[in-house]
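The next block is entry-v4.cif, given as mmCIF, C-alpha atoms and all ligand atoms.
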```cif
data_protein
loop_
_atom_site.label_atom_id
_atom_site.label_comp_id
_atom_site.auth_asym_id
_atom_site.auth_seq_id
_atom_site.Cartn_x
_atom_site.Cartn_y
_atom_site.Cartn_z
CA MET A 1 -30.77 4.35 3.97
CA PRO A 2 -30.52 3.68 0.19
CA TYR A 3 -27.36 4.89 -1.57
CA LYS A 4 -27.08 8.56 -2.35
CA GLN A 5 -23.93 10.33 -3.48
CA LEU A 6 -23.13 12.93 -0.84
CA ASP A 7 -21.91 16.48 -1.37
CA GLN A 8 -20.72 19.15 1.05
CA ASP A 9 -24.27 19.96 2.23
CA SER A 10 -25.72 16.48 2.43
CA VAL A 11 -22.67 15.25 4.38
CA ILE A 12 -23.87 17.37 7.30
CA GLU A 13 -27.39 15.97 7.05
CA TYR A 14 -25.97 12.49 7.02
CA ILE A 15 -23.75 13.15 10.05
CA LYS A 16 -26.76 14.38 11.98
CA SER A 17 -28.61 11.15 11.23
CA VAL A 18 -25.86 8.90 12.62
CA PRO A 19 -26.36 8.19 16.36
CA GLU A 20 -22.61 7.64 16.99
CA MET A 21 -21.91 11.22 15.90
CA LYS A 22 -23.54 12.55 19.08
CA GLN A 23 -20.54 11.14 20.92
CA VAL A 24 -18.13 13.06 18.69
CA PHE A 25 -19.88 16.40 18.20
CA SER A 26 -21.27 18.38 21.11
CA SER A 27 -23.32 20.40 18.61
CA PHE A 28 -24.13 20.16 14.88
CA ASP A 29 -24.68 23.90 14.50
CA ASN A 30 -21.30 25.00 13.25
CA LEU A 31 -19.91 22.15 11.22
CA ASN A 32 -17.46 23.00 8.51
CA VAL A 33 -17.10 20.58 5.58
CA SER A 34 -14.31 20.43 3.04
CA GLU A 35 -13.64 17.84 0.38
CA ILE A 36 -9.98 16.82 0.69
CA GLY A 37 -9.75 13.70 -1.48
CA ASP A 38 -6.50 13.61 -3.39
CA GLY A 39 -6.69 9.94 -4.33
CA ASN A 40 -7.76 8.47 -7.62
CA LEU A 41 -10.95 6.78 -6.55
CA ASN A 42 -13.13 8.22 -3.83
CA PHE A 43 -14.51 11.31 -2.12
CA VAL A 44 -13.13 12.27 1.28
CA TYR A 45 -14.70 14.97 3.47
CA ASN A 46 -13.22 16.61 6.52
CA VAL A 47 -16.03 17.56 8.91
CA THR A 48 -15.03 19.76 11.85
CA ASN A 49 -16.86 21.70 14.51
CA ASN A 50 -15.74 25.31 13.90
CA GLU A 51 -16.02 26.12 17.58
CA LYS A 52 -14.25 23.01 18.84
CA PRO A 53 -11.70 21.91 16.26
CA LYS A 54 -10.93 18.73 18.19
CA GLU A 55 -14.43 17.53 17.29
CA THR A 56 -13.66 16.29 13.83
CA VAL A 57 -14.17 13.26 11.58
CA ILE A 58 -13.36 12.05 8.10
CA VAL A 59 -16.18 10.81 5.86
CA LYS A 60 -15.02 8.68 2.93
CA GLN A 61 -17.54 7.62 0.32
CA ALA A 62 -17.12 5.49 -2.79
CA VAL A 63 -18.92 6.66 -5.92
CA PRO A 64 -19.96 4.33 -8.75
CA PHE A 65 -17.09 5.42 -11.02
CA LEU A 66 -13.36 6.05 -10.98
CA ARG A 67 -12.86 9.54 -9.66
CA ILE A 68 -9.79 10.58 -11.73
CA VAL A 69 -11.49 9.60 -14.99
CA GLY A 70 -15.11 10.41 -14.17
CA GLU A 71 -18.48 8.79 -14.82
CA SER A 72 -17.29 7.36 -18.13
CA TRP A 73 -15.28 4.79 -16.13
CA PRO A 74 -17.76 2.84 -14.01
CA LEU A 75 -16.46 1.06 -10.93
CA PRO A 76 -18.76 -0.61 -8.40
CA LYS A 77 -19.22 1.56 -5.33
CA GLU A 78 -19.48 -1.66 -3.30
CA ARG A 79 -15.65 -1.60 -3.23
CA MET A 80 -16.13 0.28 0.04
CA ASN A 81 -17.19 -3.03 1.62
CA PHE A 82 -13.64 -4.32 1.24
CA GLU A 83 -12.22 -1.23 2.87
CA ILE A 84 -14.66 -1.50 5.78
CA MET A 85 -13.93 -5.21 6.32
CA ALA A 86 -10.16 -4.75 6.00
CA LEU A 87 -10.09 -1.84 8.46
CA GLN A 88 -12.16 -3.86 10.93
CA HIS A 89 -9.80 -6.76 10.56
CA ALA A 90 -6.69 -4.62 11.09
CA ALA A 91 -8.35 -3.04 14.14
CA LYS A 92 -8.29 -6.50 15.72
CA TYR A 93 -4.54 -7.07 15.36
CA CYS A 94 -2.96 -3.62 15.27
CA PRO A 95 -5.53 -1.04 16.44
CA ALA A 96 -2.89 1.63 16.99
CA LEU A 97 -1.90 1.54 13.32
CA VAL A 98 -5.26 2.17 11.64
CA PRO A 99 -7.78 5.00 12.00
CA GLU A 100 -10.62 4.21 14.36
CA ILE A 101 -13.94 3.58 12.62
CA TYR A 102 -16.87 5.44 14.18
CA HIS A 103 -19.51 4.32 11.71
CA ALA A 104 -19.65 2.26 8.52
CA SER A 105 -22.52 1.87 6.08
CA HIS A 106 -22.53 -0.80 3.41
CA GLU A 107 -25.62 0.76 1.78
CA MET A 108 -24.13 4.24 1.59
CA CYS A 109 -20.69 2.82 0.72
CA LEU A 110 -19.06 5.04 3.30
CA ILE A 111 -17.10 5.14 6.49
CA ILE A 112 -16.81 7.78 9.14
CA MET A 113 -13.44 7.54 10.83
CA GLN A 114 -10.88 9.22 13.04
CA ASN A 115 -9.46 12.37 11.46
CA LEU A 116 -5.68 12.08 11.52
CA THR A 117 -5.18 15.77 12.09
CA ASP A 118 -1.62 15.54 13.39
CA HIS A 119 -0.41 13.24 10.62
CA LYS A 120 0.43 13.69 6.97
CA VAL A 121 0.44 11.41 3.98
CA ILE A 122 4.09 10.45 3.88
CA ARG A 123 4.67 10.61 0.13
CA GLY A 124 4.52 14.39 0.12
CA GLU A 125 6.64 14.56 3.25
CA ILE A 126 9.26 12.19 1.88
CA ILE A 127 9.44 14.36 -1.23
CA GLN A 128 10.26 17.24 1.15
CA GLY A 129 13.00 15.18 2.80
CA LYS A 130 11.23 14.55 6.12
CA TYR A 131 12.30 11.70 8.38
CA PHE A 132 9.89 9.22 9.96
CA PRO A 133 11.83 7.42 12.69
CA ARG A 134 9.05 4.88 13.33
CA LEU A 135 8.25 4.02 9.74
CA ALA A 136 10.05 0.66 9.47
CA GLU A 137 9.01 -0.46 12.95
CA ASP A 138 5.32 0.36 12.49
CA THR A 139 4.92 -0.70 8.87
CA SER A 140 6.59 -4.05 9.58
CA THR A 141 4.23 -4.57 12.53
CA TYR A 142 1.19 -3.70 10.41
CA MET A 143 2.26 -6.18 7.74
CA ALA A 144 3.34 -9.02 10.05
CA GLU A 145 0.20 -8.79 12.22
CA ASN A 146 -2.30 -8.57 9.37
CA LEU A 147 -0.61 -11.02 7.08
CA PHE A 148 0.32 -13.74 9.56
CA HIS A 149 -3.13 -13.75 11.17
CA THR A 150 -4.87 -14.38 7.86
CA THR A 151 -2.72 -17.28 6.65
CA ASP A 152 -3.54 -20.97 6.99
CA TRP A 153 -0.66 -21.11 9.48
CA PHE A 154 -2.95 -19.29 11.88
CA LEU A 155 -6.61 -19.59 10.82
CA ASP A 156 -8.52 -22.84 10.85
CA HIS A 157 -9.47 -24.34 7.48
CA LYS A 158 -13.05 -23.09 7.54
CA THR A 159 -12.52 -19.53 8.76
CA LYS A 160 -9.78 -19.02 6.19
CA LYS A 161 -11.87 -20.20 3.24
CA GLU A 162 -14.89 -18.20 4.34
CA LEU A 163 -12.75 -15.09 4.64
CA VAL A 164 -11.20 -15.67 1.22
CA GLY A 165 -14.76 -15.82 -0.13
CA LYS A 166 -15.73 -12.52 1.50
CA PHE A 167 -12.74 -10.80 -0.07
CA ILE A 168 -13.26 -11.72 -3.73
CA ASN A 169 -12.46 -8.20 -4.92
CA VAL A 170 -12.98 -8.69 -8.67
CA ASP A 171 -12.93 -5.11 -9.87
CA LEU A 172 -10.05 -3.69 -7.88
CA CYS A 173 -7.92 -6.77 -8.53
CA LYS A 174 -8.59 -6.21 -12.23
CA ILE A 175 -7.21 -2.67 -11.93
CA THR A 176 -4.00 -4.10 -10.48
CA GLU A 177 -3.85 -6.91 -13.03
CA ASP A 178 -4.14 -4.37 -15.87
CA PHE A 179 -2.19 -1.40 -14.55
CA VAL A 180 0.58 -3.14 -12.61
CA PHE A 181 1.12 -6.35 -14.54
CA THR A 182 -0.11 -5.88 -18.11
CA ASN A 183 -0.48 -2.49 -19.81
CA PRO A 184 2.92 -1.02 -18.86
CA TYR A 185 4.63 -3.99 -20.50
CA GLU A 186 2.89 -3.69 -23.88
CA LYS A 187 1.69 -0.99 -26.23
CA SER A 188 -1.42 0.42 -24.56
CA ASP A 189 -3.46 3.61 -24.80
CA THR A 190 -3.45 3.82 -21.03
CA ASN A 191 0.34 4.23 -20.85
CA SER A 192 1.99 7.61 -20.69
CA PHE A 193 5.67 8.52 -20.79
CA ASN A 194 8.03 11.32 -20.08
CA PRO A 195 8.79 12.56 -23.64
CA GLU A 196 12.50 12.45 -22.77
CA LEU A 197 12.37 8.65 -22.59
CA THR A 198 13.41 7.13 -25.91
CA GLN A 199 11.75 4.25 -27.75
CA GLU A 200 14.86 2.29 -26.86
CA ASN A 201 14.23 2.91 -23.15
CA ILE A 202 10.68 1.61 -23.55
CA ASP A 203 11.68 -1.40 -25.65
CA PHE A 204 14.24 -2.23 -22.93
CA ILE A 205 11.20 -3.27 -20.89
CA GLN A 206 8.47 -4.04 -23.39
CA LYS A 207 10.52 -6.20 -25.76
CA ASP A 208 12.70 -8.19 -23.41
CA SER A 209 11.55 -11.80 -23.31
CA GLU A 210 13.15 -12.73 -19.97
CA LEU A 211 11.51 -9.73 -18.34
CA LYS A 212 8.13 -10.43 -19.94
CA LEU A 213 8.22 -14.04 -18.76
CA ALA A 214 9.09 -12.91 -15.25
CA VAL A 215 6.34 -10.25 -15.09
CA ALA A 216 3.79 -12.75 -16.42
CA GLU A 217 4.78 -15.13 -13.62
CA MET A 218 4.32 -12.40 -11.03
CA LYS A 219 0.89 -11.60 -12.45
CA TYR A 220 -0.15 -15.24 -12.28
CA LYS A 221 1.09 -15.43 -8.72
CA PHE A 222 -0.88 -12.29 -7.83
CA MET A 223 -4.03 -13.90 -9.25
CA ASN A 224 -3.63 -17.38 -7.78
CA ASN A 225 -2.02 -17.27 -4.36
CA ALA A 226 -4.62 -16.67 -1.68
CA GLU A 227 -1.96 -16.66 1.06
CA ALA A 228 -3.13 -13.84 3.28
CA LEU A 229 -5.38 -10.79 3.43
CA LEU A 230 -3.41 -8.04 1.71
CA HIS A 231 -3.84 -4.30 2.00
CA GLY A 232 -3.46 -4.37 -1.77
CA ASP A 233 -2.34 -0.76 -2.32
CA LEU A 234 0.40 -0.25 0.26
CA HIS A 235 2.35 2.55 -1.39
CA ILE A 236 3.58 5.57 0.53
CA GLY A 237 0.40 7.49 -0.35
CA SER A 238 -1.52 5.02 1.86
CA ILE A 239 0.44 5.83 5.00
CA MET A 240 -0.13 8.85 7.23
CA ALA A 241 2.40 9.57 9.95
CA ASN A 242 4.31 11.99 12.11
CA GLU A 243 7.47 11.40 14.13
CA ASP A 244 5.64 9.43 16.80
CA GLU A 245 2.84 7.56 15.07
CA THR A 246 2.05 5.74 11.86
CA TYR A 247 -1.37 4.94 10.39
CA VAL A 248 -2.17 2.82 7.37
CA ILE A 249 -5.23 4.02 5.42
CA ASP A 250 -7.13 3.16 2.24
CA PRO A 251 -7.28 -0.68 2.10
CA GLU A 252 -10.02 -0.85 -0.57
CA PHE A 253 -7.88 -3.16 -2.76
CA ALA A 254 -7.85 -5.76 0.03
CA PHE A 255 -8.08 -9.39 -1.10
CA PHE A 256 -6.35 -12.69 -0.39
CA GLY A 257 -3.13 -12.64 -2.35
CA PRO A 258 0.60 -13.28 -2.10
CA ILE A 259 2.22 -11.80 1.02
CA GLY A 260 5.16 -10.32 -0.91
CA PHE A 261 2.82 -8.00 -2.81
CA ASP A 262 2.27 -5.67 0.16
CA ILE A 263 5.90 -5.69 1.27
CA GLY A 264 7.05 -5.17 -2.32
CA ALA A 265 4.71 -2.21 -2.82
CA PHE A 266 6.16 -0.42 0.20
CA ILE A 267 9.80 -1.24 -0.49
CA GLY A 268 9.49 -0.43 -4.21
CA ASN A 269 8.13 3.01 -3.32
CA LEU A 270 11.05 3.70 -1.00
CA ILE A 271 13.54 2.67 -3.68
CA MET A 272 11.90 5.11 -6.12
CA ALA A 273 12.07 7.82 -3.46
CA TYR A 274 15.76 6.98 -3.04
CA PHE A 275 16.40 7.45 -6.76
CA SER A 276 14.38 10.69 -6.83
CA HIS A 277 16.42 12.16 -4.00
CA GLU A 278 19.63 12.00 -5.95
CA HIS A 279 18.06 15.01 -7.65
CA ARG A 280 15.68 16.32 -4.98
CA GLN A 281 18.16 16.71 -2.14
CA LYS A 282 20.26 18.95 -4.38
CA LEU A 283 17.15 21.06 -5.07
CA LEU A 284 16.58 21.29 -1.33
CA GLY A 285 20.17 22.49 -1.00
CA ASN A 286 21.35 19.41 0.86
CA GLU A 287 24.11 16.96 0.37
CA PRO A 288 22.06 13.88 -0.68
CA TYR A 289 23.91 11.22 1.32
CA GLN A 290 22.17 11.40 4.68
CA TYR A 291 18.55 11.38 3.57
CA ARG A 292 19.12 8.72 0.96
CA LYS A 293 20.86 6.59 3.57
CA TRP A 294 17.78 6.87 5.77
CA LEU A 295 15.57 5.69 2.89
CA LEU A 296 17.68 2.59 2.27
CA ASP A 297 18.09 1.93 6.00
CA THR A 298 14.29 1.98 6.15
CA VAL A 299 14.06 -0.53 3.30
CA GLU A 300 16.48 -2.85 5.11
CA ALA A 301 14.89 -2.44 8.52
CA THR A 302 11.38 -2.97 7.17
CA TRP A 303 12.29 -6.31 5.66
CA GLU A 304 14.40 -7.46 8.63
CA LEU A 305 11.77 -6.47 11.19
CA PHE A 306 9.00 -8.02 9.14
CA GLU A 307 10.98 -11.26 8.91
CA GLN A 308 11.58 -11.34 12.68
CA LYS A 309 8.01 -10.45 13.61
CA PHE A 310 6.35 -12.83 11.18
CA ASP A 311 8.65 -15.64 12.32
CA LYS A 312 7.97 -14.91 15.98
CA LEU A 313 4.18 -14.80 15.58
CA TRP A 314 4.37 -18.11 13.77
CA ALA A 315 6.84 -19.77 16.17
CA ASP A 316 4.77 -18.71 19.19
CA HIS A 317 1.67 -20.06 17.51
CA GLN A 318 3.35 -23.38 16.69
CA GLU A 319 4.46 -23.64 20.30
CA LYS A 320 1.01 -22.90 21.62
CA GLU A 321 -0.71 -25.32 19.28
CA ASN A 322 1.68 -28.07 20.30
CA LEU A 323 1.16 -29.75 16.92
CA PRO A 324 1.52 -33.55 16.81
CA TYR A 325 3.10 -33.08 13.36
CA TRP A 326 6.31 -31.72 14.91
CA GLN A 327 6.38 -33.91 18.03
CA TYR A 328 9.46 -36.02 17.46
CA GLU A 329 13.15 -35.60 18.07
CA GLY A 330 14.33 -32.97 15.62
CA GLY A 331 10.78 -31.74 15.04
CA LYS A 332 11.37 -28.33 16.56
CA GLU A 333 14.30 -27.72 14.23
CA ALA A 334 12.22 -28.87 11.26
CA ALA A 335 9.45 -26.44 12.21
CA ALA A 336 12.03 -23.66 12.27
CA GLU A 337 13.26 -24.77 8.85
CA GLN A 338 9.68 -24.67 7.54
CA ARG A 339 9.36 -21.07 8.65
CA LYS A 340 12.73 -20.18 7.17
CA ARG A 341 11.90 -21.65 3.78
CA PHE A 342 8.50 -19.97 3.68
CA ILE A 343 9.96 -16.57 4.57
CA ARG A 344 12.65 -17.08 1.93
CA LYS A 345 9.86 -17.43 -0.65
CA ILE A 346 8.15 -14.32 0.64
CA PHE A 347 11.43 -12.50 0.09
CA SER A 348 11.76 -13.41 -3.57
CA ASP A 349 8.10 -12.52 -4.12
CA THR A 350 8.73 -9.20 -2.38
CA VAL A 351 11.60 -8.44 -4.77
CA GLY A 352 9.56 -9.48 -7.82
CA PHE A 353 6.48 -7.47 -6.85
CA ALA A 354 8.52 -4.41 -5.86
CA ALA A 355 10.04 -4.53 -9.34
CA CYS A 356 6.65 -4.62 -11.09
CA LYS A 357 5.44 -1.74 -8.94
CA MET A 358 8.49 0.31 -9.87
CA MET A 359 8.45 -0.26 -13.62
CA ARG A 360 4.75 0.42 -13.91
CA ARG A 361 5.14 3.81 -12.24
CA ILE A 362 7.47 4.83 -15.07
CA LEU A 363 5.67 3.34 -18.08
CA GLY A 364 2.04 3.00 -16.98
CA LEU A 365 -0.87 5.34 -16.29
CA ALA A 366 -0.37 6.14 -12.60
CA LYS A 367 2.87 7.88 -11.68
CA VAL A 368 4.57 8.65 -8.39
CA ALA A 369 5.04 12.33 -7.69
CA ASP A 370 8.51 11.64 -6.27
CA ILE A 371 9.76 11.09 -9.82
CA ALA A 372 7.03 12.39 -12.15
CA ASP A 373 6.98 15.86 -10.58
CA ILE A 374 10.67 16.47 -11.29
CA GLU A 375 10.47 19.49 -13.59
CA ASP A 376 13.72 18.99 -15.45
CA LEU A 377 12.54 16.30 -17.88
CA LYS A 378 16.05 15.17 -18.78
CA GLU A 379 16.91 14.69 -15.14
CA ARG A 380 13.58 12.93 -14.61
CA ALA A 381 14.33 10.58 -17.53
CA ARG A 382 17.73 9.76 -16.07
CA ILE A 383 16.06 8.70 -12.82
CA GLU A 384 13.37 6.82 -14.72
CA ARG A 385 15.99 4.83 -16.63
CA MET A 386 17.64 3.89 -13.33
CA THR A 387 14.28 2.72 -11.98
CA LEU A 388 13.59 0.64 -15.08
CA LYS A 389 17.05 -0.90 -14.97
CA MET A 390 16.72 -1.83 -11.34
CA GLY A 391 13.18 -3.17 -11.80
CA LYS A 392 14.26 -5.34 -14.70
CA GLN A 393 17.16 -6.90 -12.84
CA MET A 394 15.06 -7.42 -9.73
CA VAL A 395 12.20 -9.22 -11.39
CA ILE A 396 14.40 -11.45 -13.52
CA ASN A 397 16.78 -12.34 -10.67
CA ARG A 398 14.21 -12.28 -7.84
CA ASP A 399 15.12 -15.78 -6.62
CA SER A 400 18.82 -15.11 -6.37
CA TYR A 401 19.07 -12.28 -3.81
CA SER A 402 20.22 -13.75 -0.54
CA SER A 403 19.66 -10.66 1.61
CA ILE A 404 17.95 -7.29 1.60
CA GLN A 405 21.44 -5.73 1.65
CA GLU A 406 22.09 -7.20 -1.78
CA LEU A 407 19.06 -5.32 -3.02
CA THR A 408 20.01 -1.99 -1.45
CA ALA A 409 23.55 -2.48 -2.80
CA LEU A 410 22.08 -2.72 -6.29
CA ALA A 411 20.18 0.55 -5.74
CA LYS A 412 23.43 2.24 -4.70
CA GLU A 413 25.32 0.81 -7.64
CA LEU A 414 22.76 2.11 -10.14
CA SER A 415 22.58 5.69 -8.86
P1 LIG B 1 -8.58 7.10 -2.26
O1 LIG B 1 -9.13 5.72 -2.06
O2 LIG B 1 -9.43 7.91 -3.15
O3 LIG B 1 -7.13 7.06 -2.66
P2 LIG B 1 -7.71 7.79 0.46
O4 LIG B 1 -8.26 6.90 1.50
O5 LIG B 1 -6.30 7.53 0.04
O6 LIG B 1 -8.68 7.81 -0.81
O7 LIG B 1 -7.88 9.27 0.97
C1 LIG B 1 -7.56 10.38 0.16
C2 LIG B 1 -6.89 11.45 1.00
O8 LIG B 1 -7.75 11.86 2.06
C3 LIG B 1 -5.62 10.97 1.69
O9 LIG B 1 -4.52 11.09 0.84
C4 LIG B 1 -5.54 11.90 2.88
O10 LIG B 1 -5.01 13.14 2.49
C5 LIG B 1 -7.01 12.11 3.24
N1 LIG B 1 -7.44 11.17 4.29
C6 LIG B 1 -7.94 9.93 4.11
N2 LIG B 1 -8.23 9.35 5.30
C7 LIG B 1 -7.90 10.24 6.25
C8 LIG B 1 -7.97 10.25 7.70
N3 LIG B 1 -8.45 9.20 8.39
N4 LIG B 1 -7.55 11.36 8.35
C9 LIG B 1 -7.08 12.43 7.66
N5 LIG B 1 -7.00 12.48 6.32
C10 LIG B 1 -7.41 11.41 5.61
MG MG B 2 -5.47 6.52 -1.59
MG MG B 3 -6.38 3.49 16.41
MG MG B 4 -7.94 4.03 -2.41
#
```
Show the structure stored in the file as structure tokens.
Amino acid sequence: MPYKQLDQDSVIEYIKSVPEMKQVFSSFDNLNVSEIGDGNLNFVYNVTNNEKPKETVIVKQAVPFLRIVGESWPLPKERMNFEIMALQHAAKYCPALVPEIYHASHEMCLIIMQNLTDHKVIRGEIIQGKYFPRLAEDTSTYMAENLFHTTDWFLDHKTKKELVGKFINVDLCKITEDFVFTNPYEKSDTNSFNPELTQENIDFIQKDSELKLAVAEMKYKFMNNAEALLHGDLHIGSIMANEDETYVIDPEFAFFGPIGFDIGAFIGNLIMAYFSHEHRQKLLGNEPYQYRKWLLDTVEATWELFEQKFDKLWADHQEKENLPYWQYEGGKEAAAEQRKRFIRKIFSDTVGFAACKMMRRILGLAKVADIADIEDLKERARIERMTLKMGKQMVINRDSYSSIQELTALAKELS
């Protein structure tokens, strides 16, 4: 079927034409369709049988432009191919942590997937002060499984290079290159600021040479390190969860990049949530300590669990492969040292990328509601200055943190 942009009515026609949908819906007579997309890019339809609400799917379709801006900002609809391939890949290594795909069409640039009816996008829930006891455990598994299994430590030389080739995601990488690593750090029409931030606050980032050098290095690393298949947009708006389950959605930015970029995105978002809750918990009428402690505990646990799981997957693989390279007295210890050094590098990348993700949310185009929706603009600016200060120190000193606790200690010190 050639590409056609769907709307509420044609979604139903499309559903009827897909053989797999006969397994989901016992009848097509009473389908209810609502468009629920709240993201920046695509259209998302909830399709439910009115008579049997458990019969329900999500249809996500890419359109040939950027949704928040409109048709004046073209963006290839073929970006959906990356989302389809990335979801299929994740389904191989952590099927419980991604929505099940019922149907995917490269021509129509769409997927039909499991409707996560009992789960919510966690950004909004974290803003409300909700706890997710499994968040660190599940997110670290998602990252370790997907990332380790797409490195050259695991894949053979040919499979890896062919996969890298399939995931050349030119247009969505360009969005990240511009909006995460470039525009926020210079004068740009795409930037927008809280009016309560002063020019001095902005110059603190945009005119600091050490910071600019560091951000430029992170950008280059983003563009030139095809280490593993990244999610590419792993902020807390790409995770849906409840107390028992966690799902990672929306991997359309997937490409082969530096491992620390995904971990940094997630951790950077939790640090911003931590800063925002200095204010938000008071609004909710709570003493802020407990919830903020959970946020930083989650930062620490995510990194520590990721480190353990990635190391274990790799160690088990080394053992299984029985590599001649390490077959000598002392070889086992050297293999462990190799893993340790590599993970140490992932950690400094994680810190550096988290920093870029934080600063850009204050100075660039796309904000995080955690901070940007704070109505008291002076209070918001105070939290934004904290975020900028932390981001600056992190990116400049990214190689010198020796533990995740040093990073969370800095967050505590600054707020
Ligand atoms: P975009 O690429 O435009 O950001 P997302 O994949 O993030 O699109 O989806 C937008 C919104 O649609 C999500 O924030 C969530 O509310 C909803 N959504 C997406 N996928 C699902 C799903 N599988 N189940 C339930 N809701 C979903
Ligand atoms: Mg999204
Ligand atoms: Mg599943
Ligand atoms: Mg998206």
- What gap, in Å, lies between CA of Asp370 (chain A) and CA of Lys357 (chain A)?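 That distance, rounded to one decimal, is 14.0 Å.
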- Of the candidates A:Arg344, A:Lys293, A:His231, A:Lys60, which shows the shortest atom-to-atom distance to Val47 (chain A), using all atoms listed in the file?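 So, comparing all the options, the nearest one is A:Lys60.
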- Message: Please report the interatomic distance between CA of Gly124 (chain A) and atom O6 of ligand LIG 1 (chain B) in Å with one decimal.
- Response: 14.8 Å
Hey, which bits of chain A sit within 12 Å of ligand MG 2 (chain B), and for each residue what's the closest pair of atoms and how far apart in Å (one decimal), counting only C-alpha atoms and all ligand atoms, rows by chain and increasing number, as JSON lines?
```
{"residue": "A:Ile36", "atom": "CA", "partner": "B:MG2", "partner_atom": "MG", "distance": 11.5}
{"residue": "A:Gly37", "atom": "CA", "partner": "B:MG2", "partner_atom": "MG", "distance": 8.4}
{"residue": "A:Asp38", "atom": "CA", "partner": "B:MG2", "partner_atom": "MG", "distance": 7.4}
{"residue": "A:Gly39", "atom": "CA", "partner": "B:MG2", "partner_atom": "MG", "distance": 4.5}
{"residue": "A:Asn40", "atom": "CA", "partner": "B:MG2", "partner_atom": "MG", "distance": 6.7}
{"residue": "A:Leu41", "atom": "CA", "partner": "B:MG2", "partner_atom": "MG", "distance": 7.4}
{"residue": "A:Asn42", "atom": "CA", "partner": "B:MG2", "partner_atom": "MG", "distance": 8.2}
{"residue": "A:Phe43", "atom": "CA", "partner": "B:MG2", "partner_atom": "MG", "distance": 10.2}
{"residue": "A:Val44", "atom": "CA", "partner": "B:MG2", "partner_atom": "MG", "distance": 10.0}
{"residue": "A:Lys60", "atom": "CA", "partner": "B:MG2", "partner_atom": "MG", "distance": 10.8}
{"residue": "A:Ala62", "atom": "CA", "partner": "B:MG2", "partner_atom": "MG", "distance": 11.8}
{"residue": "A:Arg67", "atom": "CA", "partner": "B:MG2", "partner_atom": "MG", "distance": 11.4}
{"residue": "A:Ile68", "atom": "CA", "partner": "B:MG2", "partner_atom": "MG", "distance": 11.7}
{"residue": "A:Glu83", "atom": "CA", "partner": "B:MG2", "partner_atom": "MG", "distance": 11.2}
{"residue": "A:Val121", "atom": "CA", "partner": "B:MG2", "partner_atom": "MG", "distance": 9.5}
{"residue": "A:Ile122", "atom": "CA", "partner": "B:MG2", "partner_atom": "MG", "distance": 11.7}
{"residue": "A:Arg123", "atom": "CA", "partner": "B:MG2", "partner_atom": "MG", "distance": 11.1}
{"residue": "A:His231", "atom": "CA", "partner": "B:MG2", "partner_atom": "MG", "distance": 11.5}
{"residue": "A:Gly232", "atom": "CA", "partner": "B:MG2", "partner_atom": "MG", "distance": 11.1}
{"residue": "A:Asp233", "atom": "CA", "partner": "B:MG2", "partner_atom": "MG", "distance": 8.0}
{"residue": "A:Leu234", "atom": "CA", "partner": "B:MG2", "partner_atom": "MG", "distance": 9.1}
{"residue": "A:His235", "atom": "CA", "partner": "B:MG2", "partner_atom": "MG", "distance": 8.8}
{"residue": "A:Ile236", "atom": "CA", "partner": "B:MG2", "partner_atom": "MG", "distance": 9.3}
{"residue": "A:Gly237", "atom": "CA", "partner": "B:MG2", "partner_atom": "MG", "distance": 6.1}
{"residue": "A:Ser238", "atom": "CA", "partner": "B:MG2", "partner_atom": "MG", "distance": 5.5}
{"residue": "A:Ile239", "atom": "CA", "partner": "B:MG2", "partner_atom": "MG", "distance": 8.9}
{"residue": "A:Met240", "atom": "CA", "partner": "B:MG2", "partner_atom": "MG", "distance": 10.6}
{"residue": "A:Val248", "atom": "CA", "partner": "B:MG2", "partner_atom": "MG", "distance": 10.2}
{"residue": "A:Ile249", "atom": "CA", "partner": "B:MG2", "partner_atom": "MG", "distance": 7.4}
{"residue": "A:Asp250", "atom": "CA", "partner": "B:MG2", "partner_atom": "MG", "distance": 5.4}
{"residue": "A:Pro251", "atom": "CA", "partner": "B:MG2", "partner_atom": "MG", "distance": 8.3}
{"residue": "A:Glu252", "atom": "CA", "partner": "B:MG2", "partner_atom": "MG", "distance": 8.7}
{"residue": "A:Phe253", "atom": "CA", "partner": "B:MG2", "partner_atom": "MG", "distance": 10.0}
```
- Item | Pro288 (chain A) environment, 7 Å, only C-alpha atoms, sequence neighbours closer than 5 positions dropped, as a list in words |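 Non-adjacent residues within range: His277, Glu278, Gln281 and Lys282 of chain A.
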- Task: Could you please determine the separation between CA of Ala254 (chain A) and atom P2 of ligand LIG 1 (chain B) in Å, to one decimal place?
- Result: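 Pair CA of Ala254 (chain A) / atom P2 of ligand LIG 1 (chain B) returns 13.6 Å.
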- Message: Report as JSON, numbers by chain all protein, DNA and RNA residues lying within 8 Å of Trp303 (chain A), evaluated on only C-alpha atoms, omitting residues in the same chain fewer than 2 positions from it.
- Response: {"A": [140, 263, 299, 300, 301, 305, 306, 307, 404]}
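Counting only C-alpha atoms, the residue from A:Thr302, A:Ser27, A:Ser348, A:Asn322 that sits nearest to Glu55 (chain A) is A:Ser27.
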- Within 8 Å of Pro64 (chain A), counting all atoms listed in the file, which residues show up once you throw out same-chain ones fewer than 6 positions away? Write them as a PyMOL selection string, please. chain A and resi 71+74-77
- Item | Counting all atoms listed in the file, the option among A:Asp244, A:Ile271, A:Pro195, A:Phe179 closest to Ile126 (chain A) |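 Closest to Ile126 (chain A) of all the choices is A:Ile271.
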